[in-house]
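Next comes data12.cif, a file with mmCIF, C-alpha atoms and all ligand atoms.
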```
data_run
loop_
_atom_site.group_PDB
_atom_site.id
_atom_site.type_symbol
_atom_site.label_atom_id
_atom_site.label_comp_id
_atom_site.auth_asym_id
_atom_site.auth_seq_id
_atom_site.Cartn_x
_atom_site.Cartn_y
_atom_site.Cartn_z
ATOM 1 C CA MET M 1 106.356 34.506 12.739
ATOM 2 C CA LEU M 2 106.170 38.172 11.866
ATOM 3 C CA ASP M 3 106.091 39.176 15.503
ATOM 4 C CA ARG M 4 109.100 37.153 16.540
ATOM 5 C CA LEU M 5 112.036 39.500 16.909
ATOM 6 C CA PRO M 6 115.631 38.297 17.075
ATOM 7 C CA GLU M 7 117.451 38.850 20.360
ATOM 8 C CA TYR M 8 120.664 39.894 18.661
ATOM 9 C CA ILE M 9 121.060 41.653 15.347
ATOM 10 C CA GLU M 10 124.114 42.228 13.156
ATOM 11 C CA PRO M 11 123.508 45.800 12.023
ATOM 12 C CA LEU M 12 126.297 45.976 9.437
ATOM 13 C CA SER M 13 125.389 42.767 7.642
ATOM 14 C CA PHE M 14 121.697 43.690 7.950
ATOM 15 C CA ALA M 15 122.525 46.994 6.240
ATOM 16 C CA ASP M 16 124.356 45.182 3.426
ATOM 17 C CA LYS M 17 121.336 42.934 2.904
ATOM 18 C CA ARG M 18 118.838 45.792 3.332
ATOM 19 C CA GLY M 19 117.270 43.827 6.150
ATOM 20 C CA GLU M 20 114.357 44.797 8.347
ATOM 21 C CA VAL M 21 112.976 43.837 11.720
ATOM 22 C CA LYS M 22 109.315 44.237 12.571
ATOM 23 C CA GLY M 23 107.459 43.038 15.612
ATOM 24 C CA LYS M 24 106.667 43.614 19.253
ATOM 25 C CA ILE M 25 108.690 43.473 22.441
ATOM 26 C CA ALA M 26 107.161 43.160 25.907
ATOM 27 C CA LEU M 27 108.005 46.248 27.973
ATOM 28 C CA SER M 28 108.722 43.961 30.927
ATOM 29 C CA LYS M 29 111.803 42.698 29.061
ATOM 30 C CA LEU M 30 113.318 46.169 29.092
ATOM 31 C CA THR M 31 114.680 46.199 32.626
ATOM 32 C CA ARG M 32 116.212 49.692 32.783
ATOM 33 C CA LEU M 33 112.986 51.164 31.462
ATOM 34 C CA SER M 34 110.800 49.019 33.725
ATOM 35 C CA GLU M 35 112.477 50.517 36.787
ATOM 36 C CA ILE M 36 111.003 53.925 36.091
ATOM 37 C CA LEU M 37 107.566 52.813 34.923
ATOM 38 C CA ALA M 38 104.479 52.745 37.125
ATOM 39 C CA ASP M 39 103.426 49.612 35.261
ATOM 40 C CA ASN M 40 105.476 47.650 32.735
ATOM 41 C CA SER M 41 102.657 45.721 31.109
ATOM 42 C CA GLY M 42 102.204 46.293 27.395
ATOM 43 C CA GLU M 43 104.412 46.068 24.371
ATOM 44 C CA VAL M 44 106.424 48.247 22.077
ATOM 45 C CA THR M 45 105.890 47.929 18.344
ATOM 46 C CA VAL M 46 109.153 48.046 16.457
ATOM 47 C CA GLU M 47 109.761 48.640 12.769
ATOM 48 C CA LEU M 48 113.375 49.092 11.709
ATOM 49 C CA PHE M 49 114.989 49.108 8.275
ATOM 50 C CA PHE M 50 118.700 48.722 7.670
ATOM 51 C CA TYR M 51 120.494 50.159 4.642
ATOM 52 C CA ARG M 52 123.630 51.938 3.536
ATOM 53 C CA ASP M 53 123.971 55.530 2.466
ATOM 54 C CA GLY M 54 127.368 55.537 0.826
ATOM 55 C CA ARG M 55 129.577 53.753 3.345
ATOM 56 C CA LEU M 56 127.439 54.643 6.343
ATOM 57 C CA ALA M 57 125.165 51.902 7.660
ATOM 58 C CA ILE M 58 121.840 53.329 8.803
ATOM 59 C CA VAL M 59 118.969 52.016 10.932
ATOM 60 C CA GLU M 60 115.741 53.845 10.316
ATOM 61 C CA GLY M 61 112.202 53.248 11.488
ATOM 62 C CA ARG M 62 109.739 53.784 14.313
ATOM 63 C CA VAL M 63 108.977 52.654 17.823
ATOM 64 C CA ASN M 64 105.408 52.951 19.143
ATOM 65 C CA THR M 65 104.066 52.254 22.580
ATOM 66 C CA ASN M 66 102.032 53.580 25.497
ATOM 67 C CA LEU M 67 104.129 53.902 28.635
ATOM 68 C CA HIS M 68 102.790 54.240 32.152
ATOM 69 C CA ILE M 69 105.257 56.629 33.702
ATOM 70 C CA ILE M 70 105.063 58.531 36.983
ATOM 71 C CA CYS M 71 104.054 62.173 37.083
ATOM 72 C CA GLN M 72 106.768 64.039 38.966
ATOM 73 C CA ASN M 73 104.291 66.594 40.223
ATOM 74 C CA CYS M 74 101.777 64.328 41.977
ATOM 75 C CA LEU M 75 103.663 60.981 41.807
ATOM 76 C CA GLN M 76 100.613 59.315 40.251
ATOM 77 C CA PRO M 77 100.802 57.193 37.095
ATOM 78 C CA MET M 78 100.296 58.918 33.785
ATOM 79 C CA GLU M 79 100.132 57.611 30.262
ATOM 80 C CA TRP M 80 102.856 58.659 27.860
ATOM 81 C CA VAL M 81 102.316 57.885 24.191
ATOM 82 C CA VAL M 82 105.533 57.229 22.308
ATOM 83 C CA ASP M 83 105.573 57.415 18.531
ATOM 84 C CA ARG M 84 109.215 58.020 17.862
ATOM 85 C CA SER M 85 111.037 57.988 14.580
ATOM 86 C CA VAL M 86 114.457 56.433 14.740
ATOM 87 C CA LYS M 87 117.416 57.245 12.523
ATOM 88 C CA LEU M 88 120.752 55.901 13.688
ATOM 89 C CA GLY M 89 124.108 55.799 11.969
ATOM 90 C CA ILE M 90 126.230 52.807 12.918
ATOM 91 C CA VAL M 91 129.671 53.947 14.029
ATOM 92 C CA ASN M 92 132.528 52.357 15.923
ATOM 93 C CA SER M 93 134.269 55.454 17.247
ATOM 94 C CA LEU M 94 133.369 58.820 18.723
ATOM 95 C CA GLU M 95 135.167 60.575 15.838
ATOM 96 C CA GLN M 96 132.883 58.805 13.409
ATOM 97 C CA ALA M 97 129.916 59.768 15.555
ATOM 98 C CA ASP M 98 130.955 63.436 15.390
ATOM 99 C CA ARG M 99 130.979 63.356 11.608
ATOM 100 C CA LEU M 100 127.380 62.141 11.284
ATOM 101 C CA PRO M 101 124.833 64.473 9.677
ATOM 102 C CA GLU M 102 122.722 66.368 12.200
ATOM 103 C CA ASP M 103 119.553 64.340 11.671
ATOM 104 C CA ILE M 104 121.283 61.040 12.427
ATOM 105 C CA ASP M 105 122.068 59.879 15.951
ATOM 106 C CA PRO M 106 125.076 57.627 16.499
ATOM 107 C CA LEU M 107 124.692 53.962 17.361
ATOM 108 C CA LEU M 108 128.088 53.089 18.747
ATOM 109 C CA VAL M 109 128.874 49.409 18.240
ATOM 110 C CA SER M 110 132.035 47.578 19.239
ATOM 111 C CA ASP M 111 130.893 44.111 18.229
ATOM 112 C CA SER M 112 129.254 42.837 15.049
ATOM 113 C CA LYS M 113 126.257 41.694 17.119
ATOM 114 C CA ILE M 114 124.145 43.938 19.301
ATOM 115 C CA LEU M 115 121.129 43.365 21.487
ATOM 116 C CA LEU M 116 118.034 44.607 19.700
ATOM 117 C CA ASN M 117 116.340 45.310 23.040
ATOM 118 C CA ASP M 118 119.110 47.761 23.975
ATOM 119 C CA ILE M 119 118.448 49.928 20.934
ATOM 120 C CA ILE M 120 114.707 49.963 21.607
ATOM 121 C CA GLU M 121 115.171 50.655 25.301
ATOM 122 C CA ASP M 122 117.532 53.574 24.640
ATOM 123 C CA GLU M 123 115.035 55.108 22.216
ATOM 124 C CA LEU M 124 112.187 54.801 24.727
ATOM 125 C CA LEU M 125 114.281 56.298 27.531
ATOM 126 C CA LEU M 126 115.056 59.245 25.241
ATOM 127 C CA ALA M 127 111.350 59.654 24.514
ATOM 128 C CA ILE M 128 110.504 60.241 28.185
ATOM 129 C CA PRO M 129 110.808 63.858 29.332
ATOM 130 C CA ASP M 130 113.209 64.675 32.199
ATOM 131 C CA PHE M 131 110.340 65.958 34.309
ATOM 132 C CA PRO M 132 107.114 64.278 33.168
ATOM 133 C CA LYS M 133 103.932 65.767 34.541
ATOM 134 C CA HIS M 134 100.238 65.723 33.850
ATOM 135 C CA GLU M 135 98.991 68.308 31.391
ATOM 136 C CA TRP M 136 96.540 69.637 33.940
ATOM 137 C CA GLN M 137 97.332 71.156 37.343
ATOM 138 C CA CYS M 138 97.431 67.847 39.219
ATOM 139 C CA TYR M 139 99.396 69.037 42.227
ATOM 140 C CA SER M 140 96.991 70.605 44.729
ATOM 141 C CA GLN M 141 97.947 74.156 45.640
ATOM 142 C CA PRO M 142 97.359 75.697 49.079
ATOM 143 C CA ILE M 143 93.988 77.495 48.940
ATOM 144 C CA ASP M 144 95.357 80.920 49.939
ATOM 145 C CA SER M 145 98.415 80.867 47.653
ATOM 146 C CA ASP M 146 98.944 84.019 45.615
ATOM 147 C CA ILE M 147 100.960 84.207 42.419
ATOM 148 C CA GLN M 148 104.224 84.842 44.235
ATOM 149 C CA SER M 149 104.098 81.824 46.556
ATOM 150 C CA ASP M 150 102.981 79.832 43.566
ATOM 151 C CA SER M 151 106.214 80.443 41.710
ATOM 152 C CA SER M 152 108.443 79.792 44.723
ATOM 153 C CA GLU M 153 106.668 76.509 45.246
ATOM 154 C CA ASN M 154 107.354 75.495 41.668
ATOM 155 C CA LYS M 155 111.011 76.310 42.127
ATOM 156 C CA GLN M 156 111.222 74.089 45.156
ATOM 157 C CA LEU M 157 109.624 71.225 43.267
ATOM 158 C CA ASP M 158 112.232 71.524 40.539
ATOM 159 C CA SER M 159 115.161 71.409 42.934
ATOM 160 C CA ASN M 160 113.743 68.360 44.676
ATOM 161 C CA ASN M 161 113.335 66.589 41.380
ATOM 162 C CA PRO M 162 112.651 62.987 42.364
ATOM 163 C CA PHE M 163 113.294 61.939 38.803
ATOM 164 C CA SER M 164 117.032 61.885 39.416
ATOM 165 C CA ILE M 165 116.714 58.093 39.160
ATOM 166 C CA LEU M 166 116.392 58.521 35.433
ATOM 167 C CA ALA M 167 119.445 60.781 35.295
ATOM 168 C CA LYS M 168 121.471 58.104 37.058
ATOM 169 C CA LEU M 169 120.303 55.474 34.604
ATOM 170 C CA LYS M 170 121.460 57.462 31.602
HETATM 171 ZN ZN ZN I 201 100.377 64.631 38.125
#
```
Here is a file; write its structure as structure tokens.
Amino acid sequence: MLDRLPEYIEPLSFADKRGEVKGKIALSKLTRLSEILADNSGEVTVELFFYRDGRLAIVEGRVNTNLHIICQNCLQPMEWVVDRSVKLGIVNSLEQADRLPEDIDPLLVSDSKILLNDIIEDELLLAIPDFPKHEWQCYSQPIDSDIQSDSSENKQLDSNNPFSILAKLK
């Protein structure tokens, strides 16, 4: 049953009990993320620990997965390895969020229960660059391009950023 993750978690009571969640979530269950993936097969491995540091409830751990995202240069699929450390402070107001130490991101909760998938999905969305592209020069250049036309072409690509879908999702 190790792999069976709860749908909802109660982060504050988990923190009091020093709880943990470990397991895998199918990427296809993360609908906002799936919309920007070339292929949503696969899983994300989740390992989260809950504890308190003074009065602050903290969620700390890792999310690992291989995403198939779309290169914004050539619009072909590319693999994006995510191995992201997570450290979230549970807050219920923006003022509280502002007071968090710099290495802790806020997890704003208004209810005692939250969807575990939402936390994981947000972390994965943050792990994807705004303009993902292959490490090599995947976009074919005109044969007679000199350095100058090269740079103007890059500029045009940036302004036509087709990845604005992601910006809208955020
Ligand atoms: Zn590419």
request  = Just say which residues the PyMOL selection byres (((chain M and resi 113) around 9) and not hetatm) picks in this file, as JSON, numbers by chain.
outcome  = {"M": [8, 9, 10, 11, 12, 109, 110, 111, 112, 114, 115]}
Only C-alpha atoms, please: the residues just picked out, written as a tab-separated table (two decimals), in the coordinates of the input.
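Output saved as selection-v3.tsv:
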```
chain	number	residue	atom	x	y	z
M	8	TYR	CA	120.66	39.89	18.66
M	9	ILE	CA	121.06	41.65	15.35
M	10	GLU	CA	124.11	42.23	13.16
M	11	PRO	CA	123.51	45.80	12.02
M	12	LEU	CA	126.30	45.98	9.44
M	109	VAL	CA	128.87	49.41	18.24
M	110	SER	CA	132.04	47.58	19.24
M	111	ASP	CA	130.89	44.11	18.23
M	112	SER	CA	129.25	42.84	15.05
M	114	ILE	CA	124.14	43.94	19.30
M	115	LEU	CA	121.13	43.36	21.49
```
request  = Could you please extract the residues within 12 Å of ligand ZN 201 (chain I), counting only C-alpha atoms and all ligand atoms, and hand them back as a VMD selection string?
outcome  = chain M and resid 69 to 79 131 to 140
Atoms to include: C-alpha atoms. Write the selected residues as a PDB file, keeping the file's coordinate frame.
```
ATOM      1  CA  ILE M  69     105.257  56.629  33.702  1.00  0.00           C
ATOM      2  CA  ILE M  70     105.063  58.531  36.983  1.00  0.00           C
ATOM      3  CA  CYS M  71     104.054  62.173  37.083  1.00  0.00           C
ATOM      4  CA  GLN M  72     106.768  64.039  38.966  1.00  0.00           C
ATOM      5  CA  ASN M  73     104.291  66.594  40.223  1.00  0.00           C
ATOM      6  CA  CYS M  74     101.777  64.328  41.977  1.00  0.00           C
ATOM      7  CA  LEU M  75     103.663  60.981  41.807  1.00  0.00           C
ATOM      8  CA  GLN M  76     100.613  59.315  40.251  1.00  0.00           C
ATOM      9  CA  PRO M  77     100.802  57.193  37.095  1.00  0.00           C
ATOM     10  CA  MET M  78     100.296  58.918  33.785  1.00  0.00           C
ATOM     11  CA  GLU M  79     100.132  57.611  30.262  1.00  0.00           C
ATOM     12  CA  PHE M 131     110.340  65.958  34.309  1.00  0.00           C
ATOM     13  CA  PRO M 132     107.114  64.278  33.168  1.00  0.00           C
ATOM     14  CA  LYS M 133     103.932  65.767  34.541  1.00  0.00           C
ATOM     15  CA  HIS M 134     100.238  65.723  33.850  1.00  0.00           C
ATOM     16  CA  GLU M 135      98.991  68.308  31.391  1.00  0.00           C
ATOM     17  CA  TRP M 136      96.540  69.637  33.940  1.00  0.00           C
ATOM     18  CA  GLN M 137      97.332  71.156  37.343  1.00  0.00           C
ATOM     19  CA  CYS M 138      97.431  67.847  39.219  1.00  0.00           C
ATOM     20  CA  TYR M 139      99.396  69.037  42.227  1.00  0.00           C
ATOM     21  CA  SER M 140      96.991  70.605  44.729  1.00  0.00           C
TER      22      SER M 140
END
```
inquiry  = Would you pick out the contacts of Ile119 in chain M at 10 Å or less, using all atoms listed in the file, so that residues sharing its chain but fewer than 4 positions from it are not included, and give the list as JSON, numbers by chain?
reply    = {"M": [86, 88, 107, 114, 115, 123, 124]}
Deliver the residues from the most recent selection as a file, using C-alpha atoms, as a compact mmCIF listing (two decimals), in the frame of the given file.
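Contents of selection-v2.txt, as written:
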```txt
# COMPACT_ATOMS: atom_id res chain seq x y z
CA VAL M 86 114.46 56.43 14.74
CA LEU M 88 120.75 55.90 13.69
CA LEU M 107 124.69 53.96 17.36
CA ILE M 114 124.14 43.94 19.30
CA LEU M 115 121.13 43.36 21.49
CA GLU M 123 115.04 55.11 22.22
CA LEU M 124 112.19 54.80 24.73
```
task = Report as a PyMOL selection string the full result of the PyMOL selection byres (((chain M and resi 65) around 10) and not hetatm) when it is applied to this structure.
result = chain M and resi 24-25+27+42-46+63-64+66-68+80-84+124
task = Pick out the closest residue to Asp122 in chain M from this set: M:Leu48, M:Ser93, M:Leu30, M:Val59. Count only C-alpha atoms.
result = M:Leu30
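All residues of protein, DNA or RNA that reach within 7 Å of Tyr51 in chain M, judged by all atoms listed in the file and not counting those fewer than 3 positions away in the chain, are Ala15, Asp16, Arg18, Ala57, Ile58 and Val59 of chain M.
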